[in-house]
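Raw contents of work-v9.txt, compact mmCIF, N, CA, C and O atoms:
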```txt
# COMPACT_ATOMS: atom_id res chain seq x y z
N MET A 1 -17.34 68.15 -229.80
CA MET A 1 -17.21 66.72 -229.97
C MET A 1 -18.39 66.21 -230.80
O MET A 1 -19.52 66.61 -230.59
N ASN A 2 -18.07 65.33 -231.73
CA ASN A 2 -19.11 64.71 -232.54
C ASN A 2 -19.46 63.37 -231.89
O ASN A 2 -18.67 62.42 -231.93
N GLN A 3 -20.62 63.31 -231.29
CA GLN A 3 -21.05 62.12 -230.53
C GLN A 3 -21.09 60.87 -231.41
O GLN A 3 -20.69 59.80 -230.97
N ASP A 4 -21.57 61.00 -232.64
CA ASP A 4 -21.64 59.84 -233.54
C ASP A 4 -20.25 59.31 -233.87
O ASP A 4 -20.01 58.10 -233.85
N THR A 5 -19.31 60.19 -234.16
CA THR A 5 -17.94 59.79 -234.46
C THR A 5 -17.30 59.11 -233.26
O THR A 5 -16.64 58.08 -233.37
N PHE A 6 -17.52 59.70 -232.10
CA PHE A 6 -16.99 59.17 -230.85
C PHE A 6 -17.50 57.75 -230.60
O PHE A 6 -16.73 56.82 -230.37
N GLN A 7 -18.81 57.57 -230.65
CA GLN A 7 -19.40 56.25 -230.40
C GLN A 7 -18.98 55.24 -231.45
O GLN A 7 -18.71 54.08 -231.13
N HIS A 8 -18.90 55.66 -232.70
CA HIS A 8 -18.47 54.77 -233.78
C HIS A 8 -17.04 54.29 -233.55
O HIS A 8 -16.73 53.11 -233.75
N SER A 9 -16.16 55.18 -233.12
CA SER A 9 -14.77 54.79 -232.90
C SER A 9 -14.65 53.80 -231.74
O SER A 9 -13.84 52.87 -231.81
N ILE A 10 -15.45 53.97 -230.72
CA ILE A 10 -15.45 53.02 -229.60
C ILE A 10 -15.95 51.66 -230.06
O ILE A 10 -15.34 50.62 -229.78
N ARG A 11 -17.06 51.63 -230.79
CA ARG A 11 -17.62 50.36 -231.28
C ARG A 11 -16.64 49.66 -232.21
O ARG A 11 -16.48 48.45 -232.15
N LYS A 12 -15.98 50.42 -233.07
CA LYS A 12 -15.01 49.84 -234.01
C LYS A 12 -13.85 49.20 -233.25
O LYS A 12 -13.43 48.08 -233.57
N LEU A 13 -13.32 49.89 -232.25
CA LEU A 13 -12.24 49.34 -231.44
C LEU A 13 -12.68 48.07 -230.73
O LEU A 13 -11.99 47.04 -230.79
N LEU A 14 -13.82 48.10 -230.08
CA LEU A 14 -14.29 46.94 -229.31
C LEU A 14 -14.62 45.76 -230.22
O LEU A 14 -14.38 44.61 -229.86
N LYS A 15 -15.15 46.03 -231.40
CA LYS A 15 -15.42 44.95 -232.35
C LYS A 15 -14.12 44.29 -232.78
O LYS A 15 -14.01 43.07 -232.80
N ASN A 16 -13.13 45.09 -233.11
CA ASN A 16 -11.82 44.57 -233.51
C ASN A 16 -11.20 43.73 -232.38
O ASN A 16 -10.70 42.63 -232.62
N VAL A 17 -11.25 44.25 -231.17
CA VAL A 17 -10.71 43.52 -230.02
C VAL A 17 -11.46 42.21 -229.83
O VAL A 17 -10.85 41.15 -229.66
N GLY A 18 -12.78 42.25 -229.88
CA GLY A 18 -13.59 41.05 -229.65
C GLY A 18 -13.35 39.98 -230.70
O GLY A 18 -13.14 38.81 -230.37
N VAL A 19 -13.38 40.36 -231.97
CA VAL A 19 -13.21 39.40 -233.05
C VAL A 19 -11.81 38.80 -233.02
O VAL A 19 -11.64 37.58 -233.09
N THR A 20 -10.80 39.65 -232.91
CA THR A 20 -9.42 39.17 -232.91
C THR A 20 -9.14 38.28 -231.70
O THR A 20 -8.51 37.23 -231.83
N THR A 21 -9.62 38.68 -230.53
CA THR A 21 -9.41 37.90 -229.33
C THR A 21 -10.07 36.53 -229.45
O THR A 21 -9.46 35.51 -229.12
N GLN A 22 -11.29 36.47 -229.94
CA GLN A 22 -11.98 35.20 -230.11
C GLN A 22 -11.21 34.30 -231.07
O GLN A 22 -11.03 33.11 -230.80
N GLN A 23 -10.75 34.85 -232.18
CA GLN A 23 -10.01 34.05 -233.16
C GLN A 23 -8.73 33.49 -232.55
O GLN A 23 -8.39 32.32 -232.77
N GLU A 24 -8.01 34.28 -231.80
CA GLU A 24 -6.75 33.83 -231.20
C GLU A 24 -6.98 32.78 -230.12
O GLU A 24 -6.21 31.82 -230.00
N ILE A 25 -8.04 32.93 -229.33
CA ILE A 25 -8.36 31.92 -228.31
C ILE A 25 -8.75 30.62 -228.99
O ILE A 25 -8.29 29.53 -228.60
N GLU A 26 -9.59 30.69 -230.02
CA GLU A 26 -10.00 29.49 -230.75
C GLU A 26 -8.79 28.79 -231.37
O GLU A 26 -8.68 27.56 -231.32
N LYS A 27 -7.87 29.56 -231.91
CA LYS A 27 -6.65 29.01 -232.51
C LYS A 27 -5.81 28.31 -231.45
O LYS A 27 -5.32 27.19 -231.67
N ALA A 28 -5.61 28.94 -230.32
CA ALA A 28 -4.81 28.36 -229.24
C ALA A 28 -5.43 27.07 -228.72
O ALA A 28 -4.72 26.09 -228.45
N VAL A 29 -6.74 27.04 -228.58
CA VAL A 29 -7.43 25.83 -228.11
C VAL A 29 -7.30 24.71 -229.15
O VAL A 29 -6.98 23.57 -228.81
N ALA A 30 -7.50 25.05 -230.42
CA ALA A 30 -7.38 24.04 -231.49
C ALA A 30 -5.97 23.45 -231.51
O ALA A 30 -5.80 22.23 -231.62
N GLU A 31 -4.97 24.30 -231.39
CA GLU A 31 -3.59 23.82 -231.36
C GLU A 31 -3.32 22.95 -230.14
O GLU A 31 -2.63 21.93 -230.22
N GLY A 32 -3.85 23.35 -229.00
CA GLY A 32 -3.69 22.57 -227.77
C GLY A 32 -4.35 21.20 -227.87
O GLY A 32 -3.80 20.19 -227.41
N LEU A 33 -5.52 21.16 -228.46
CA LEU A 33 -6.22 19.88 -228.65
C LEU A 33 -5.46 18.99 -229.62
O LEU A 33 -5.27 17.79 -229.37
N GLU A 34 -5.01 19.58 -230.72
CA GLU A 34 -4.29 18.82 -231.74
C GLU A 34 -2.98 18.25 -231.20
O GLU A 34 -2.60 17.12 -231.52
N ALA A 35 -2.30 19.01 -230.36
CA ALA A 35 -1.02 18.58 -229.80
C ALA A 35 -1.19 17.66 -228.59
O ALA A 35 -0.21 17.13 -228.09
N GLY A 36 -2.43 17.49 -228.14
CA GLY A 36 -2.68 16.62 -227.00
C GLY A 36 -2.43 17.28 -225.65
O GLY A 36 -2.45 16.60 -224.62
N ARG A 37 -2.20 18.59 -225.64
CA ARG A 37 -1.99 19.30 -224.37
C ARG A 37 -3.30 19.58 -223.65
O ARG A 37 -3.30 19.85 -222.45
N LEU A 38 -4.39 19.52 -224.38
CA LEU A 38 -5.72 19.76 -223.81
C LEU A 38 -6.59 18.53 -224.02
O LEU A 38 -6.49 17.87 -225.05
N GLY A 39 -7.45 18.27 -223.05
CA GLY A 39 -8.34 17.13 -223.16
C GLY A 39 -9.72 17.49 -223.69
O GLY A 39 -10.50 16.60 -224.03
N GLY A 40 -10.04 18.78 -223.74
CA GLY A 40 -11.33 19.20 -224.26
C GLY A 40 -12.38 19.49 -223.21
O GLY A 40 -13.51 19.85 -223.54
N ASP A 41 -12.01 19.35 -221.94
CA ASP A 41 -12.99 19.61 -220.87
C ASP A 41 -12.47 20.66 -219.88
O ASP A 41 -13.00 20.80 -218.79
N GLU A 42 -11.46 21.41 -220.31
CA GLU A 42 -10.84 22.39 -219.42
C GLU A 42 -11.71 23.63 -219.22
O GLU A 42 -12.61 23.91 -219.99
N ARG A 43 -11.33 24.33 -218.19
CA ARG A 43 -11.92 25.64 -217.87
C ARG A 43 -10.75 26.57 -217.59
O ARG A 43 -9.89 26.27 -216.75
N PHE A 44 -10.69 27.68 -218.30
CA PHE A 44 -9.57 28.60 -218.18
C PHE A 44 -10.03 29.93 -217.59
O PHE A 44 -10.88 30.60 -218.18
N PRO A 45 -9.47 30.33 -216.45
CA PRO A 45 -9.73 31.68 -215.97
C PRO A 45 -9.15 32.68 -216.99
O PRO A 45 -8.06 32.45 -217.53
N ALA A 46 -9.85 33.74 -217.25
CA ALA A 46 -9.39 34.73 -218.22
C ALA A 46 -9.61 36.13 -217.67
O ALA A 46 -10.53 36.37 -216.89
N ARG A 47 -8.75 37.03 -218.13
CA ARG A 47 -8.86 38.43 -217.71
C ARG A 47 -8.64 39.30 -218.94
O ARG A 47 -7.73 39.07 -219.74
N VAL A 48 -9.47 40.30 -219.07
CA VAL A 48 -9.32 41.29 -220.14
C VAL A 48 -9.16 42.66 -219.48
O VAL A 48 -9.94 43.02 -218.61
N THR A 49 -8.14 43.37 -219.93
CA THR A 49 -7.90 44.71 -219.40
C THR A 49 -7.94 45.72 -220.55
O THR A 49 -7.32 45.49 -221.59
N VAL A 50 -8.67 46.79 -220.33
CA VAL A 50 -8.77 47.87 -221.30
C VAL A 50 -8.17 49.11 -220.65
O VAL A 50 -8.58 49.50 -219.56
N GLU A 51 -7.21 49.70 -221.34
CA GLU A 51 -6.61 50.93 -220.84
C GLU A 51 -6.80 52.02 -221.89
O GLU A 51 -6.63 51.77 -223.08
N VAL A 52 -7.17 53.19 -221.44
CA VAL A 52 -7.34 54.32 -222.35
C VAL A 52 -6.35 55.40 -221.91
O VAL A 52 -6.55 56.06 -220.88
N ASP A 53 -5.27 55.50 -222.69
CA ASP A 53 -4.28 56.53 -222.40
C ASP A 53 -4.91 57.90 -222.52
O ASP A 53 -5.76 58.14 -223.35
N GLY A 54 -4.49 58.80 -221.67
CA GLY A 54 -5.01 60.16 -221.71
C GLY A 54 -6.24 60.35 -220.85
O GLY A 54 -6.62 61.48 -220.57
N LEU A 55 -6.88 59.25 -220.47
CA LEU A 55 -8.06 59.35 -219.60
C LEU A 55 -7.80 58.74 -218.22
O LEU A 55 -8.68 58.76 -217.37
N SER A 56 -6.62 58.16 -218.04
CA SER A 56 -6.31 57.46 -216.79
C SER A 56 -7.40 56.46 -216.46
O SER A 56 -7.85 56.35 -215.32
N LEU A 57 -7.83 55.70 -217.48
CA LEU A 57 -8.91 54.74 -217.31
C LEU A 57 -8.38 53.34 -217.55
O LEU A 57 -7.76 53.06 -218.58
N THR A 58 -8.58 52.48 -216.56
CA THR A 58 -8.24 51.07 -216.68
C THR A 58 -9.43 50.27 -216.21
O THR A 58 -9.92 50.46 -215.09
N LEU A 59 -9.91 49.38 -217.08
CA LEU A 59 -11.03 48.49 -216.75
C LEU A 59 -10.54 47.07 -216.86
O LEU A 59 -9.88 46.70 -217.82
N THR A 60 -10.89 46.24 -215.87
CA THR A 60 -10.50 44.83 -215.89
C THR A 60 -11.75 43.99 -215.74
O THR A 60 -12.59 44.25 -214.88
N PHE A 61 -11.85 42.98 -216.61
CA PHE A 61 -12.97 42.04 -216.60
C PHE A 61 -12.43 40.64 -216.40
O PHE A 61 -11.52 40.23 -217.11
N ASP A 62 -12.98 39.91 -215.45
CA ASP A 62 -12.60 38.53 -215.20
C ASP A 62 -13.73 37.61 -215.59
O ASP A 62 -14.91 37.95 -215.44
N GLY A 63 -13.36 36.45 -216.10
CA GLY A 63 -14.36 35.46 -216.47
C GLY A 63 -13.69 34.12 -216.70
O GLY A 63 -12.53 33.92 -216.35
N ASN A 64 -14.42 33.21 -217.28
CA ASN A 64 -13.92 31.87 -217.56
C ASN A 64 -14.23 31.48 -218.98
O ASN A 64 -15.26 31.84 -219.52
N ILE A 65 -13.31 30.73 -219.57
CA ILE A 65 -13.53 30.13 -220.87
C ILE A 65 -13.62 28.63 -220.63
O ILE A 65 -12.68 28.03 -220.09
N THR A 66 -14.75 28.05 -220.96
CA THR A 66 -14.96 26.62 -220.71
C THR A 66 -15.08 25.87 -222.02
O THR A 66 -15.68 26.35 -222.97
N LEU A 67 -14.47 24.69 -222.05
CA LEU A 67 -14.51 23.87 -223.27
C LEU A 67 -15.60 22.83 -223.23
O LEU A 67 -15.95 22.26 -224.27
N GLU A 68 -16.12 22.53 -222.09
CA GLU A 68 -17.16 21.51 -221.96
C GLU A 68 -18.30 22.03 -221.13
O GLU A 68 -18.13 22.73 -220.19
```

Target format structure tokens, applied to this file:
Amino acid sequence: MNQDTFQHSIRKLLKNVGVTTQQEIEKAVAEGLEAGRLGGDERFPARVTVEVDGLSLTLTFDGNITLE
């Protein structure tokens, strides 16, 4: 196993997930605000799940997204 290749692939995946997820959440909030469905002071419970096929690994992270 090439440790550098392994770590690089993990970082690349997590960066892609993080950037894309942030963009989609920001887009959904902007649309909600524009449509009047959101007031701008909400707090949203959020959950992120990471599954790695072949390793029987599932990780779940809970948190909150707050607008105010």

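Distance annotation: of A:Ala46, A:Val52, A:Leu33, A:Val17, the residue with the minimal separation from A:Asn64 is A:Ala46; atom set is only C-alpha atoms.
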
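Straight-line separation from atom CA of A:Gly40 to atom CA of A:Thr66: 9.0 Å.
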
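With only N, CA, C and O atoms as the atoms that count, the residue of A:Asp4, A:Glu34, A:Glu68, A:Asp62 with the shortest distance to A:Thr49 is A:Asp62.
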
Run DSSP on the backbone and grab whatever in chain A lands in alpha helix (DSSP H); send it over as number ranges by chain.
-> A: 3-35

Strand (DSSP E) residues, from DSSP on the backbone, in chain A, as JSON, numbers by chain | {"A": [43, 44, 45, 46, 47, 48, 49, 50, 51, 52, 57, 58, 59, 60, 61, 62, 63, 64, 65, 66]}

For A:Val48, which residue among A:Phe61, A:Glu31, A:Gly36, A:His8 is the nearest when counting all atoms listed in the file?
-> A:Phe61

Atom O of A:Gln23 to atom O of A:Asp53, straight-line distance in Å | 27.6 Å

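Closest to A:Phe44 among A:Lys15, A:Thr5, A:Ser56, A:Leu67 is A:Leu67, based on only N, CA, C and O atoms.
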
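For the pair atom CA of A:Leu55 and atom CA of A:Ile10, the interatomic distance is 14.0 Å.
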
Starting from the incomplete input, reconstruct all heavy atoms of stretch 40-51 of chain A and report them as an mmCIF file, in the frame of the given file.
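Saved to out35.cif:
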```
data_model
loop_
_atom_site.group_PDB
_atom_site.id
_atom_site.type_symbol
_atom_site.label_atom_id
_atom_site.label_comp_id
_atom_site.auth_asym_id
_atom_site.auth_seq_id
_atom_site.Cartn_x
_atom_site.Cartn_y
_atom_site.Cartn_z
ATOM 1 N N GLY A 40 -10.040 18.780 -223.740
ATOM 2 C CA GLY A 40 -11.330 19.200 -224.260
ATOM 3 C C GLY A 40 -12.380 19.490 -223.210
ATOM 4 O O GLY A 40 -13.510 19.850 -223.540
ATOM 5 N N ASP A 41 -12.010 19.350 -221.940
ATOM 6 C CA ASP A 41 -12.990 19.610 -220.870
ATOM 7 C C ASP A 41 -12.470 20.660 -219.880
ATOM 8 O O ASP A 41 -13.000 20.800 -218.790
ATOM 9 C CB ASP A 41 -13.344 18.317 -220.132
ATOM 10 C CG ASP A 41 -12.126 17.658 -219.487
ATOM 11 O OD1 ASP A 41 -10.983 18.077 -219.749
ATOM 12 O OD2 ASP A 41 -12.336 16.702 -218.716
ATOM 13 N N GLU A 42 -11.460 21.410 -220.310
ATOM 14 C CA GLU A 42 -10.840 22.390 -219.420
ATOM 15 C C GLU A 42 -11.710 23.630 -219.220
ATOM 16 O O GLU A 42 -12.610 23.910 -219.990
ATOM 17 C CB GLU A 42 -9.477 22.838 -219.982
ATOM 18 C CG GLU A 42 -8.389 21.801 -219.874
ATOM 19 C CD GLU A 42 -8.424 20.802 -221.024
ATOM 20 O OE1 GLU A 42 -9.290 20.904 -221.909
ATOM 21 O OE2 GLU A 42 -7.574 19.900 -221.029
ATOM 22 N N ARG A 43 -11.330 24.330 -218.190
ATOM 23 C CA ARG A 43 -11.920 25.640 -217.870
ATOM 24 C C ARG A 43 -10.750 26.570 -217.590
ATOM 25 O O ARG A 43 -9.890 26.270 -216.750
ATOM 26 C CB ARG A 43 -12.823 25.527 -216.653
ATOM 27 C CG ARG A 43 -13.416 26.835 -216.214
ATOM 28 C CD ARG A 43 -14.313 26.623 -215.015
ATOM 29 N NE ARG A 43 -14.733 27.912 -214.505
ATOM 30 C CZ ARG A 43 -15.319 28.094 -213.357
ATOM 31 N NH1 ARG A 43 -15.573 27.057 -212.579
ATOM 32 N NH2 ARG A 43 -15.657 29.286 -212.967
ATOM 33 N N PHE A 44 -10.690 27.680 -218.300
ATOM 34 C CA PHE A 44 -9.570 28.600 -218.180
ATOM 35 C C PHE A 44 -10.030 29.930 -217.590
ATOM 36 O O PHE A 44 -10.880 30.600 -218.180
ATOM 37 C CB PHE A 44 -8.941 28.875 -219.551
ATOM 38 C CG PHE A 44 -8.493 27.639 -220.261
ATOM 39 C CD1 PHE A 44 -9.255 27.107 -221.292
ATOM 40 C CD2 PHE A 44 -7.321 27.014 -219.906
ATOM 41 C CE1 PHE A 44 -8.850 25.972 -221.962
ATOM 42 C CE2 PHE A 44 -6.898 25.870 -220.559
ATOM 43 C CZ PHE A 44 -7.662 25.345 -221.587
ATOM 44 N N PRO A 45 -9.470 30.330 -216.450
ATOM 45 C CA PRO A 45 -9.730 31.680 -215.970
ATOM 46 C C PRO A 45 -9.150 32.680 -216.990
ATOM 47 O O PRO A 45 -8.060 32.450 -217.530
ATOM 48 C CB PRO A 45 -8.980 31.763 -214.643
ATOM 49 C CG PRO A 45 -8.710 30.341 -214.261
ATOM 50 C CD PRO A 45 -8.603 29.578 -215.537
ATOM 51 N N ALA A 46 -9.850 33.740 -217.250
ATOM 52 C CA ALA A 46 -9.390 34.730 -218.220
ATOM 53 C C ALA A 46 -9.610 36.130 -217.670
ATOM 54 O O ALA A 46 -10.530 36.370 -216.890
ATOM 55 C CB ALA A 46 -10.141 34.553 -219.539
ATOM 56 N N ARG A 47 -8.750 37.030 -218.130
ATOM 57 C CA ARG A 47 -8.860 38.430 -217.710
ATOM 58 C C ARG A 47 -8.640 39.300 -218.940
ATOM 59 O O ARG A 47 -7.730 39.070 -219.740
ATOM 60 C CB ARG A 47 -7.814 38.751 -216.653
ATOM 61 C CG ARG A 47 -7.769 40.227 -216.295
ATOM 62 C CD ARG A 47 -6.856 40.528 -215.124
ATOM 63 N NE ARG A 47 -7.435 39.916 -213.938
ATOM 64 C CZ ARG A 47 -6.755 39.158 -213.074
ATOM 65 N NH1 ARG A 47 -5.488 38.915 -213.255
ATOM 66 N NH2 ARG A 47 -7.363 38.642 -212.031
ATOM 67 N N VAL A 48 -9.470 40.300 -219.070
ATOM 68 C CA VAL A 48 -9.320 41.290 -220.140
ATOM 69 C C VAL A 48 -9.160 42.660 -219.480
ATOM 70 O O VAL A 48 -9.940 43.020 -218.610
ATOM 71 C CB VAL A 48 -10.568 41.298 -221.065
ATOM 72 C CG1 VAL A 48 -10.457 42.401 -222.097
ATOM 73 C CG2 VAL A 48 -10.762 39.947 -221.714
ATOM 74 N N THR A 49 -8.140 43.370 -219.930
ATOM 75 C CA THR A 49 -7.900 44.710 -219.400
ATOM 76 C C THR A 49 -7.940 45.720 -220.550
ATOM 77 O O THR A 49 -7.320 45.490 -221.590
ATOM 78 C CB THR A 49 -6.529 44.775 -218.689
ATOM 79 O OG1 THR A 49 -6.506 43.809 -217.635
ATOM 80 C CG2 THR A 49 -6.280 46.152 -218.117
ATOM 81 N N VAL A 50 -8.670 46.790 -220.330
ATOM 82 C CA VAL A 50 -8.770 47.870 -221.300
ATOM 83 C C VAL A 50 -8.170 49.110 -220.650
ATOM 84 O O VAL A 50 -8.580 49.500 -219.560
ATOM 85 C CB VAL A 50 -10.235 48.141 -221.713
ATOM 86 C CG1 VAL A 50 -10.323 49.326 -222.653
ATOM 87 C CG2 VAL A 50 -10.866 46.906 -222.312
ATOM 88 N N GLU A 51 -7.210 49.700 -221.340
ATOM 89 C CA GLU A 51 -6.610 50.930 -220.840
ATOM 90 C C GLU A 51 -6.800 52.020 -221.890
ATOM 91 O O GLU A 51 -6.630 51.770 -223.080
ATOM 92 C CB GLU A 51 -5.119 50.739 -220.583
ATOM 93 C CG GLU A 51 -4.830 49.739 -219.484
ATOM 94 C CD GLU A 51 -3.336 49.558 -219.240
ATOM 95 O OE1 GLU A 51 -2.534 50.355 -219.783
ATOM 96 O OE2 GLU A 51 -2.986 48.626 -218.510
#
```
